[in-house]
Each structure stands twice: as structure tokens, then as C-alpha cells.
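So this one's coords_37.txt, compact mmCIF, C-alpha atoms and all ligand atoms:
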```txt
# COMPACT_ATOMS: atom_id res chain seq x y z
CA MET A 139 95.32 81.23 98.94
CA ASN A 140 96.24 81.97 102.56
CA ALA A 141 97.30 85.10 104.45
CA PRO A 142 101.08 84.45 104.29
CA PHE A 143 100.85 83.91 100.52
CA VAL A 144 99.06 87.25 100.08
CA TRP A 145 101.67 88.95 102.26
CA GLU A 146 104.40 87.44 100.12
CA ALA A 147 102.65 88.60 96.91
CA VAL A 148 101.91 92.14 98.15
CA SER A 149 105.35 92.78 99.64
CA GLY A 150 106.89 91.36 96.47
CA ILE A 151 104.81 93.65 94.24
CA CYS A 152 105.77 96.69 96.34
CA LEU A 153 109.46 95.86 96.12
CA GLN A 154 109.34 95.07 92.39
CA VAL A 155 107.34 98.17 91.50
CA THR A 156 109.75 100.38 93.46
CA LEU A 157 112.69 98.91 91.57
CA VAL A 158 111.02 99.23 88.14
CA VAL A 159 110.11 102.88 88.79
CA MET A 160 113.64 103.60 90.03
CA VAL A 161 115.15 102.05 86.91
CA ALA A 162 112.69 103.91 84.65
CA ALA A 163 113.66 107.18 86.37
CA ILE A 164 117.38 106.47 85.89
CA ILE A 165 116.85 105.57 82.21
CA GLU A 166 114.73 108.71 81.72
CA ARG A 167 117.55 110.86 83.12
CA TRP A 168 120.15 109.05 81.07
CA LEU A 169 118.23 109.36 77.77
CA ASN A 170 117.49 113.04 78.46
CA GLU A 171 115.08 113.06 75.53
CA SER A 172 111.29 113.31 75.75
CA ALA A 173 110.07 110.92 73.04
CA SER A 174 112.10 107.98 74.36
CA ALA A 175 111.39 108.93 77.97
CA CYS A 176 107.67 108.89 77.21
CA ARG A 177 107.93 105.36 75.86
CA VAL A 178 109.96 104.33 78.92
CA TRP A 179 107.11 105.41 81.21
CA THR A 180 104.49 103.67 79.07
CA ALA A 181 106.64 100.51 79.23
CA SER A 182 106.96 100.80 82.99
CA PHE A 183 103.18 101.13 83.47
CA VAL A 184 102.71 97.98 81.37
CA ALA A 185 105.47 96.35 83.46
CA VAL A 186 103.70 97.25 86.72
CA ILE A 187 100.43 95.69 85.48
CA ALA A 188 102.36 92.59 84.33
CA LEU A 189 104.09 92.30 87.73
CA VAL A 190 100.75 92.45 89.55
CA ALA A 191 99.32 89.78 87.22
CA ASN A 192 102.45 87.65 87.68
CA ALA A 193 102.12 87.84 91.48
CA ILE A 194 98.49 86.78 91.60
CA LEU A 195 98.40 84.29 88.71
CA LEU A 196 101.74 82.47 88.59
CA PRO A 197 104.01 80.64 91.01
CA HIS A 198 107.33 82.26 91.77
CA PHE A 199 110.87 81.26 92.56
CA ARG A 200 111.85 81.78 96.20
CA ILE A 201 115.48 82.70 96.61
CA ALA A 202 115.14 82.41 100.39
CA THR A 203 112.62 81.17 102.94
CA ILE A 204 112.48 81.91 106.66
CA PRO A 205 114.64 79.22 108.35
CA VAL A 206 112.46 76.87 110.40
CA SER A 207 114.92 76.88 113.31
CA GLN A 208 114.35 80.61 113.86
CA LEU A 209 110.60 80.31 113.92
CA ASN A 210 110.25 77.79 116.75
CA ASP A 211 106.70 77.96 117.96
CA ARG A 212 106.06 81.48 116.74
CA VAL A 213 104.49 80.28 113.50
CA ASP A 214 100.98 80.50 114.92
CA TRP A 215 101.57 83.92 116.43
CA ILE A 216 102.90 85.31 113.11
CA LEU A 217 100.08 83.63 111.21
CA GLN A 218 97.51 85.28 113.44
CA TRP A 219 99.03 88.72 112.98
CA GLN A 220 99.36 88.26 109.25
CA THR A 221 95.69 87.24 108.98
CA TRP A 222 94.51 90.27 110.97
CA GLY A 223 96.83 92.55 109.02
CA LEU A 224 95.43 91.12 105.80
CA TYR A 225 91.82 91.81 106.81
CA ALA A 226 92.58 95.37 107.93
CA GLY A 227 94.82 96.08 104.92
CA GLY A 228 92.30 94.50 102.54
CA VAL A 229 89.47 96.71 103.78
CA ILE A 230 91.64 99.86 103.53
CA TRP A 231 92.91 98.91 100.06
CA LEU A 232 89.46 98.12 98.71
CA SER A 233 88.02 101.36 100.12
CA GLY A 234 90.83 103.28 98.44
CA VAL A 235 90.23 101.57 95.08
CA CYS A 236 86.47 102.21 95.29
CA LEU A 237 87.02 105.86 96.22
CA ILE A 238 89.41 106.42 93.29
CA LEU A 239 87.10 104.62 90.83
CA LEU A 240 84.10 106.61 92.06
CA ARG A 241 86.01 109.88 91.70
CA ARG A 242 87.18 108.98 88.19
CA GLY A 243 83.73 107.76 87.21
CA TRP A 244 82.25 111.03 88.42
CA GLY A 245 84.90 112.95 86.47
CA VAL A 246 84.14 111.04 83.27
CA TRP A 247 80.39 111.59 83.74
CA GLN A 248 80.94 115.33 84.24
CA LEU A 249 83.20 115.45 81.20
CA LEU A 250 80.68 113.64 78.99
CA ARG A 251 77.94 115.99 80.16
CA PHE A 252 80.18 118.99 79.48
CA LEU A 253 81.02 117.73 75.97
CA LYS A 254 77.34 117.18 75.23
CA GLN A 255 75.84 120.32 76.73
CA ASP A 256 78.49 123.04 76.60
CA CYS A 257 80.47 122.29 73.45
CA GLU A 258 79.89 122.92 69.78
CA THR A 259 81.47 120.98 66.95
CA VAL A 260 83.70 122.88 64.54
CA SER A 261 85.46 121.63 61.45
CA PHE A 262 89.21 121.92 61.06
CA ASP A 263 88.75 124.18 58.02
CA GLN A 264 86.79 126.66 60.13
CA LEU A 265 89.88 127.22 62.26
CA GLY A 266 91.74 128.51 59.19
CA LEU A 267 94.95 126.73 60.13
CA SER A 268 96.32 126.10 56.66
CA THR A 269 99.88 125.81 58.00
CA ILE A 270 99.17 122.55 59.82
CA PRO A 271 99.70 119.71 57.32
CA ALA A 272 96.72 117.41 56.76
CA ASP A 273 98.77 114.29 57.57
CA PHE A 274 99.30 115.68 61.07
CA LEU A 275 95.61 115.16 61.84
CA PRO A 276 94.49 111.80 63.22
CA PRO A 277 91.64 110.17 61.28
CA ARG A 278 88.11 110.97 62.52
CA LEU A 279 89.32 113.89 64.64
CA HIS A 280 86.48 115.49 66.57
CA LEU A 281 86.97 119.20 67.22
CA LEU A 282 84.90 121.02 69.82
CA VAL A 283 84.78 124.59 71.15
CA SER A 284 83.29 125.90 74.35
CA ASP A 285 83.04 129.31 76.00
CA LYS A 286 82.71 127.68 79.42
CA MET A 287 86.33 126.62 79.89
CA THR A 288 89.74 128.17 80.35
CA GLY A 289 92.24 125.64 79.05
CA PRO A 290 92.26 123.38 75.99
CA PHE A 291 92.46 119.60 76.42
CA CYS A 292 92.27 116.40 74.41
CA ARG A 293 91.03 112.89 75.03
CA GLN A 294 90.54 109.69 73.12
CA PHE A 295 87.96 107.10 73.94
CA HIS A 296 86.30 105.89 70.80
CA GLN A 297 87.28 108.97 68.83
CA PRO A 298 90.21 111.41 69.13
CA THR A 299 88.78 114.65 70.49
CA ILE A 300 90.26 118.12 71.02
CA VAL A 301 88.33 120.70 73.00
CA LEU A 302 89.29 124.36 72.55
CA PRO A 303 88.15 127.37 74.56
CA MET A 304 86.26 130.00 72.53
CA TYR A 305 88.80 132.76 73.25
CA LEU A 306 91.45 130.78 71.33
CA ILE A 307 89.30 130.62 68.19
CA GLU A 308 88.55 134.31 68.34
CA GLY A 309 92.09 135.32 69.28
CA ASP A 310 95.55 135.23 67.73
CA GLN A 311 95.93 132.58 64.99
CA GLU A 312 99.50 131.87 66.06
CA VAL A 313 98.45 130.97 69.61
CA LEU A 314 95.72 128.71 68.24
CA ARG A 315 98.24 126.99 65.98
CA HIS A 316 100.62 126.34 68.89
CA VAL A 317 97.84 124.87 71.00
CA MET A 318 96.55 122.71 68.14
CA LEU A 319 100.06 121.37 67.42
CA HIS A 320 100.52 120.56 71.10
CA GLU A 321 97.18 118.75 71.43
CA LEU A 322 97.60 116.95 68.10
CA SER A 323 100.97 115.55 69.16
CA HIS A 324 99.33 114.18 72.34
CA LEU A 325 96.92 112.26 70.13
CA ARG A 326 99.54 111.23 67.59
CA THR A 327 101.84 109.77 70.26
CA ASN A 328 99.07 107.77 71.98
CA HIS A 329 99.21 109.75 75.20
CA PRO A 330 95.55 109.02 76.07
CA LEU A 331 96.47 105.32 76.14
CA GLN A 332 99.46 106.04 78.37
CA LEU A 333 97.22 108.03 80.71
CA PHE A 334 94.79 105.10 80.82
CA LEU A 335 97.57 102.64 81.77
CA GLN A 336 98.83 105.13 84.35
CA GLN A 337 95.34 105.34 85.86
CA ILE A 338 95.04 101.55 86.09
CA CYS A 339 98.35 101.50 88.01
CA THR A 340 97.41 104.35 90.35
CA SER A 341 93.99 102.79 91.05
CA LEU A 342 95.42 99.36 91.90
CA LEU A 343 98.49 100.53 93.81
CA TRP A 344 97.18 103.83 95.19
CA PHE A 345 99.02 103.20 98.47
CA HIS A 346 102.42 103.10 96.75
CA PRO A 347 104.15 106.51 96.54
CA ALA A 348 106.44 105.34 93.70
CA ILE A 349 103.40 104.89 91.41
CA TRP A 350 102.20 108.45 91.98
CA TRP A 351 105.68 109.74 91.42
CA ALA A 352 105.93 107.74 88.17
CA GLY A 353 102.58 109.25 87.13
CA TYR A 354 103.88 112.75 87.80
CA ARG A 355 107.08 112.12 85.82
CA ALA A 356 105.08 110.63 82.94
CA GLU A 357 102.85 113.73 82.89
CA VAL A 358 105.87 116.05 82.84
CA VAL A 359 107.55 114.08 80.04
CA ARG A 360 104.33 113.95 77.97
CA GLU A 361 104.04 117.71 78.16
CA PHE A 362 107.74 118.22 77.37
CA LEU A 363 107.37 116.10 74.24
CA CYS A 364 104.31 117.95 72.92
CA ASP A 365 105.83 121.33 73.82
CA GLU A 366 108.90 120.41 71.81
CA VAL A 367 106.87 119.40 68.76
CA ALA A 368 104.84 122.61 68.93
CA ALA A 369 107.83 124.85 69.69
CA GLN A 370 109.90 123.32 66.92
CA SER A 371 107.28 124.12 64.31
CA ALA A 372 106.51 127.48 65.89
CA GLY A 373 109.86 128.71 64.60
CA LYS A 374 110.73 130.75 67.65
CA VAL A 375 110.63 128.91 70.97
CA VAL A 376 109.96 132.22 72.73
CA ASP A 377 106.69 132.64 70.81
CA TYR A 378 105.51 129.26 72.01
CA LEU A 379 106.58 130.07 75.56
CA ARG A 380 104.37 133.16 75.40
CA THR A 381 101.40 130.96 74.40
CA LEU A 382 102.07 128.59 77.26
CA ILE A 383 102.22 131.38 79.83
CA GLN A 384 99.15 133.09 78.41
CA ILE A 385 97.03 129.95 78.79
CA ALA A 386 98.54 129.08 82.15
CA GLN A 387 97.61 132.55 83.45
CA ARG A 388 94.00 132.09 82.41
CA SER A 389 93.89 128.62 83.93
CA VAL A 390 95.22 129.93 87.25
CA LYS A 391 92.71 132.80 87.30
CA HIS A 392 89.79 130.51 86.54
CA PRO A 393 90.80 126.97 87.49
CA ALA A 394 90.01 124.49 84.71
CA SER A 395 86.71 122.70 85.04
CA LYS A 396 87.06 119.49 87.04
CA SER A 397 85.91 117.51 84.04
CA ALA A 398 89.23 118.19 82.31
CA ALA A 399 91.07 116.41 85.13
CA CYS A 400 90.47 113.02 83.53
CA ALA A 401 91.65 114.19 80.11
CA LEU A 402 94.99 115.58 78.95
CA ALA A 403 94.62 119.23 79.94
CA PHE A 404 96.98 121.89 78.61
CA GLY A 405 97.81 123.47 81.96
CA ARG A 406 96.55 121.40 84.85
CA ARG A 407 99.26 121.59 87.45
CA LYS A 408 101.21 124.72 88.32
CA SER A 409 104.40 122.80 89.07
CA VAL A 410 104.30 121.16 85.61
CA ILE A 411 103.79 124.55 83.91
CA VAL A 412 106.85 125.90 85.75
CA ARG A 413 108.98 122.93 84.65
CA ARG A 414 107.77 123.28 81.07
CA SER A 415 108.58 126.99 80.96
CA GLU A 416 112.03 126.39 82.42
CA ARG A 417 112.72 123.73 79.84
CA LEU A 418 111.56 125.97 76.99
CA VAL A 419 113.83 128.75 78.23
CA ARG A 420 116.76 126.31 78.21
CA ILE A 421 115.84 125.17 74.67
CA ALA A 422 115.56 128.79 73.53
CA LYS A 423 119.09 129.42 74.81
CA SER A 424 120.58 126.37 73.08
CA PRO A 425 118.34 124.95 70.33
CA THR A 426 120.49 121.80 70.13
CA ARG A 427 118.59 120.53 73.16
CA PHE A 428 115.75 119.41 70.89
CA SER A 429 115.08 115.69 70.86
CA ARG A 430 117.48 113.32 69.23
CA PRO A 431 116.01 110.51 67.12
CA ARG A 432 113.89 108.03 69.08
CA GLN A 433 115.76 105.35 70.93
CA SER A 434 114.29 102.03 71.92
CA CYS A 435 117.08 100.99 74.29
CA GLY A 436 115.16 102.62 77.15
CA VAL A 437 112.16 100.34 76.66
CA VAL A 438 114.47 97.32 76.32
CA GLY A 439 116.08 98.33 79.64
CA VAL A 440 112.69 98.47 81.39
CA VAL A 441 111.64 95.08 79.98
CA LEU A 442 114.91 93.41 81.03
CA MET A 443 114.74 94.94 84.50
CA THR A 444 111.11 93.79 84.87
CA LEU A 445 112.13 90.21 84.00
CA ILE A 446 114.89 90.36 86.62
CA VAL A 447 112.87 91.97 89.43
CA SER A 448 109.93 89.61 88.86
CA HIS A 449 112.07 86.99 90.65
CA LEU A 450 112.56 89.09 93.78
CA TRP A 451 110.26 88.17 96.65
CA LEU A 452 110.62 89.00 100.30
CA PRO A 453 110.77 85.97 102.62
CA VAL A 454 107.70 86.92 104.68
CA ASN A 455 105.68 83.75 104.15
CA VAL A 456 105.97 81.69 107.36
CA LEU A 457 104.37 78.73 105.66
CA ALA A 458 106.78 78.76 102.70
CA SER A 459 108.20 75.25 102.55
CA SER A 460 111.95 74.74 102.45
CA ARG A 461 111.37 71.60 100.36
CA SER A 462 110.76 73.49 97.13
CA HIS A 463 112.21 76.69 95.70
CA TRP A 464 108.94 77.31 93.86
CA SER A 465 105.85 78.65 95.53
CA PRO A 466 102.63 76.74 94.90
CA TRP A 467 100.41 77.86 92.01
CA PRO A 468 97.73 80.29 93.17
CA SER A 469 94.50 78.32 93.60
CA TRP A 470 92.49 80.14 90.89
CA THR A 471 95.10 79.50 88.18
CA ALA A 472 95.54 75.92 89.40
CA LYS A 473 91.77 75.35 89.21
CA THR A 474 91.54 76.81 85.70
CA LEU A 475 94.47 74.67 84.54
CA HIS A 476 92.88 71.64 86.18
CA ASP A 477 89.73 72.23 84.09
CA PHE A 478 91.94 72.02 81.02
CA GLY A 479 93.41 68.75 82.22
CA VAL A 480 96.69 70.20 83.49
CA ASN A 481 97.56 69.34 87.08
CA VAL A 482 99.84 71.72 88.95
CA ARG A 483 100.84 71.86 92.60
CA ASP A 484 98.76 74.38 94.54
CA PHE A 485 99.92 73.43 98.05
CA GLU A 486 103.13 73.85 100.05
CA PRO A 487 105.22 70.66 100.35
CA PHE A 488 105.01 69.48 103.97
CA ASP A 489 108.01 70.37 106.12
CA GLU A 490 108.92 70.98 109.76
CA ARG A 491 107.19 74.34 110.08
CA HIS A 492 103.85 72.78 109.24
CA GLU A 493 104.46 70.28 112.00
CA PHE A 494 104.96 73.17 114.45
CA SER A 495 101.78 74.76 113.27
CA GLU A 496 99.81 71.52 113.29
CA SER A 497 101.09 70.32 116.68
CA SER A 498 100.29 73.63 118.42
CA HIS A 499 96.76 73.42 117.03
CA HIS A 500 96.41 69.96 118.55
CA HIS A 501 97.54 71.24 121.95
CA ASP A 502 94.90 73.99 121.98
ZN ZN B 601 99.60 118.82 76.94
```
With the file now loaded, output its structure as C-alpha cells.
Ligand SMILES: [Zn+2]
Amino acid sequence: MNAPFVWEAVSGICLQVTLVVMVAAIIERWLNESASACRVWTASFVAVIALVANAILLPHFRIATIPVSQLNDRVDWILQWQTWGLYAGGVIWLSGVCLILLRRGWGVWQLLRFLKQDCETVSFDQLGLSTIPADFLPPRLHLLVSDKMTGPFCRQFHQPTIVLPMYLIEGDQEVLRHVMLHELSHLRTNHPLQLFLQQICTSLLWFHPAIWWAGYRAEVVREFLCDEVAAQSAGKVVDYLRTLIQIAQRSVKHPASKSAACALAFGRRKSVIVRRSERLVRIAKSPTRFSRPRQSCGVVGVVLMTLIVSHLWLPVNVLASSRSHWSPWPSWTAKTLHDFGVNVRDFEPFDERHEFSESSHHHD
């Protein structure tokens, strides 16, 4: 593992991730339907993780290498810059990852403390929501109420959990039903898992704007989907819209506790609330805008695109040999395979550019 190889891997990941996110965004627009769009974003987060693993664990096919004739004796100069860039970039990247993990760890700790100290368990029967069918509830659902929060949220770690503010329990039954339907559909459609995958991607590639944008789109689509499920069973979309605005207003007045930031909160971002309201207004005007049956072609599209883009690498490796179209195996995978008795090439085949590099070292 040398500096040019890391440059090749990192630039390749950046390019591939950009393309996958672009394709996912195009498919999302084309499907124009929340359930499928949600699955498209889950697939693209899995794809991003797979692309990162592919870059650091497997050799790749080089469509092009830098022609030796254009390098002349600059190989050493480029190598030096790439090594320095790698050190500086590595330190910045690692600091970013640590900072994000610390922030998330702190958030989880605060959330666990909040759940333990400020919440009370209630049973579903106590809510008096006889209109929600029993098969809509996930098994082992943990219901909590608290008077120390403004917006409801749900999470799933070892157990699906919904946390409701006290004012909802004491208030209008219809509002409570809307909120419960919304939160339940988050749990039923595995949104906590999607959020987890999204957080892995944003922690690893925090420097990549496309990943944050994908995260934002995924959040919007998740909320659209659960709003649709709740609004559809609410009967009148306008009634549900009223619930949404009512909770959003409270959340704006008293910003949600930070602990809810690492869970699926009902109204976390103002811009998402605005988009959701606009969408509900559009649905209210023409109810045919409700989701069509689920389509899997979106996910297939993301998978195919991932397979294609996984072969795209930028020719930034000055040591890439022109003698082979395949990069060497990364040393850690090669070593592991060697332990299992499989020998793979983990070095660049010798060609002219190595001579340049070697000879200039001898002159020094
Ligand atoms: Zn939600």
C-alpha cells in the first residue's frame, strides 16, 4: 500500500459515489413514488459501502494509466506531493471521522439517559387507539411517553421504540392516531436500518457533499412515505396536514431535545417540514398522487449502475504499471489470501516508470 495507490482508491471512490448518488437521484425522480424511492436510497447507501470495501480490499481494472513518456523525470516530484497530500488528508479525514463518531456517541448517550430518566412506559391499550389494526404493530413494540419533549420520534436498536410527548396522549385522539401511524410505518419499513446505513456512509465519507445530499433526500423520502401511509388512513389529507403543522409549530417554539437527533424525529428540520406540507397539499388537491404499487426496478438500476461504476478509476497513480490492466491486490487482502494458501500479485509489474524512479534515487 503506497501513496499513489491510496490516491487512486480515494479519487475512484469519490467519482463512483458521485455517479451512484446522481443515478439514484435520477431514478428517484423518475419513479416519483415514495416507497420505491426509499428502497432506492437504501440500495445506494449499501452500494456506497460496497464501493468503499471494493476499493480497499480488491484489485481493480485500469482502463487507462498515465503514459510514461509524459512523466519523464517528474515521477519523484509527483510521488513526494502525493505522499505529503496523503499525510495531510489522512489527518484531516481521521479527525473528521472521530469528531462525527464522538458527536453521535454523545447523542446516543444523551438519548439513552433521556429514555431511562424522563420517560414512562405505556401500553398500546392505554392509548385507546382501537382503530389501528393489531397487525400494524411490530412485535415487542416499546411505547414511551415523556413530558420533557416537543416532538415524537422512533428508534430501533434491540427493540422497536416509539416515544410520544405527553401533550399528544392528553390531547386529540385523532392527532395521536396520525402520529402513531406515521411512526409505526417508519418501524414497519425498516427506516431505522436505513438511517444506520446512511450514518455509516456520512461518517466514512463526511468530506463528500454528494453523501450529505443523498442523506437529505433519503430523509425527505422517508418522511413522504410515512406521511402518505398516515394521511391515507386518516381519511382526509387536510386533517393529517393539520397534525403535521401543529407538531411542527411546537417543535419550532421549543426545539426538539438534541437526543432525538440520532433517532427518526417527527419534525427535525424546517425545510423537510415545508416540503412535506407542500406535498400533502398537492395530494389533497389530486388524491391520485398516492403511491403506486412498489417497484423494484429502481433498486435493480442502482445495483447495475454500481457494478458499472465500480470499474471507473481515475489515472492518478504514477506508479501504475502499463504492463498489466489490473492493479495489484491490496497488501492486507493479499496477506490474508496467502495465509489460506492462495498467492496473488500484490506488486506493480516493473516497467519504465519504475526505472525513472529508481534511477533518480540512485543519483541522489
Ligand atoms: Zn417521520
Using all atoms listed in the file, what are the residues with an atom within 7 Å of ligand ZN 601 (chain B), set out as an MDAnalysis selection string? chainID A and resid 320:321 324 360:361 364 402:404
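Here CA of Val456 (chain A) is placed at a distance of 18.2 Å from CA of Ile194 (chain A).
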Non-local contacts of Gly289 (chain A) (8 Å; only C-alpha atoms; under 5 positions in same chain excluded) as a PyMOL selection string: chain A and resi 302-303+385-386+388-389+394+403-405
Expressed in Å, the length from CA of Lys408 (chain A) to CA of Arg380 (chain A) is 15.8 Å
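Atom pair CA of Val440 (chain A) / CA of Val155 (chain A): separated by 11.4 Å.
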Place a sphere of radius 12 Å on (102.9, 109.7, 89.8) in the file coordinates and name every protein, DNA or RNA residue with an atom inside or on its surface, counting only C-alpha atoms; give the answer as a PyMOL selection string. chain A and resi 159+163+179+182-183+333+335-341+343-359
Since we have the selection now, will you write its residues out, keeping C-alpha atoms, as a PDB file, in the coordinates of the input?
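As written to disk, out14.pdb reads:
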```
ATOM      1  CA  VAL A 159     110.110 102.880  88.790  1.00  0.00           C
ATOM      2  CA  ALA A 163     113.660 107.180  86.370  1.00  0.00           C
ATOM      3  CA  TRP A 179     107.110 105.410  81.210  1.00  0.00           C
ATOM      4  CA  SER A 182     106.960 100.800  82.990  1.00  0.00           C
ATOM      5  CA  PHE A 183     103.180 101.130  83.470  1.00  0.00           C
ATOM      6  CA  LEU A 333      97.220 108.030  80.710  1.00  0.00           C
ATOM      7  CA  LEU A 335      97.570 102.640  81.770  1.00  0.00           C
ATOM      8  CA  GLN A 336      98.830 105.130  84.350  1.00  0.00           C
ATOM      9  CA  GLN A 337      95.340 105.340  85.860  1.00  0.00           C
ATOM     10  CA  ILE A 338      95.040 101.550  86.090  1.00  0.00           C
ATOM     11  CA  CYS A 339      98.350 101.500  88.010  1.00  0.00           C
ATOM     12  CA  THR A 340      97.410 104.350  90.350  1.00  0.00           C
ATOM     13  CA  SER A 341      93.990 102.790  91.050  1.00  0.00           C
ATOM     14  CA  LEU A 343      98.490 100.530  93.810  1.00  0.00           C
ATOM     15  CA  TRP A 344      97.180 103.830  95.190  1.00  0.00           C
ATOM     16  CA  PHE A 345      99.020 103.200  98.470  1.00  0.00           C
ATOM     17  CA  HIS A 346     102.420 103.100  96.750  1.00  0.00           C
ATOM     18  CA  PRO A 347     104.150 106.510  96.540  1.00  0.00           C
ATOM     19  CA  ALA A 348     106.440 105.340  93.700  1.00  0.00           C
ATOM     20  CA  ILE A 349     103.400 104.890  91.410  1.00  0.00           C
ATOM     21  CA  TRP A 350     102.200 108.450  91.980  1.00  0.00           C
ATOM     22  CA  TRP A 351     105.680 109.740  91.420  1.00  0.00           C
ATOM     23  CA  ALA A 352     105.930 107.740  88.170  1.00  0.00           C
ATOM     24  CA  GLY A 353     102.580 109.250  87.130  1.00  0.00           C
ATOM     25  CA  TYR A 354     103.880 112.750  87.800  1.00  0.00           C
ATOM     26  CA  ARG A 355     107.080 112.120  85.820  1.00  0.00           C
ATOM     27  CA  ALA A 356     105.080 110.630  82.940  1.00  0.00           C
ATOM     28  CA  GLU A 357     102.850 113.730  82.890  1.00  0.00           C
ATOM     29  CA  VAL A 358     105.870 116.050  82.840  1.00  0.00           C
ATOM     30  CA  VAL A 359     107.550 114.080  80.040  1.00  0.00           C
TER      31      VAL A 359
END
```
Of the residues A:Gln297, A:Ser460, A:Gln220, A:Ser174, which is the one nearest to Leu325 (chain A), using only C-alpha atoms?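 Closest candidate: A:Gln297.
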What's around Met443 (chain A) at 12 Å? Count only C-alpha atoms, leave out sequence neighbours fewer than 4 positions away in its own chain, and write the answer as a ChimeraX atom specification. /A:154-162,164-165,178,181-182,185-186,189,436-439,447-450
Minimum-distance residue to His316 (chain A), chosen among A:His280, A:His296, A:His198, A:Lys374 (using only C-alpha atoms):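 Of A:His280, A:His296, A:His198, A:Lys374, the one nearest His316 (chain A), counting only C-alpha atoms, is A:Lys374.
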Nearest to Leu195 (chain A), restricted to only C-alpha atoms and choosing among A:Ile421, A:Tyr225, A:Val144, A:Leu445, comes out as A:Val144
Option closest in space to Gly150 (chain A), from A:Thr221, A:Asn328, A:Ser261, A:Asn192 [counting only C-alpha atoms]: A:Asn192
Pick from A:Ala202, A:Leu322, A:Leu363, A:Val148: nearest to Ala458 (chain A), with only C-alpha atoms counted?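 When distances to Ala458 (chain A) are compared using only C-alpha atoms, the smallest one comes from A:Ala202.
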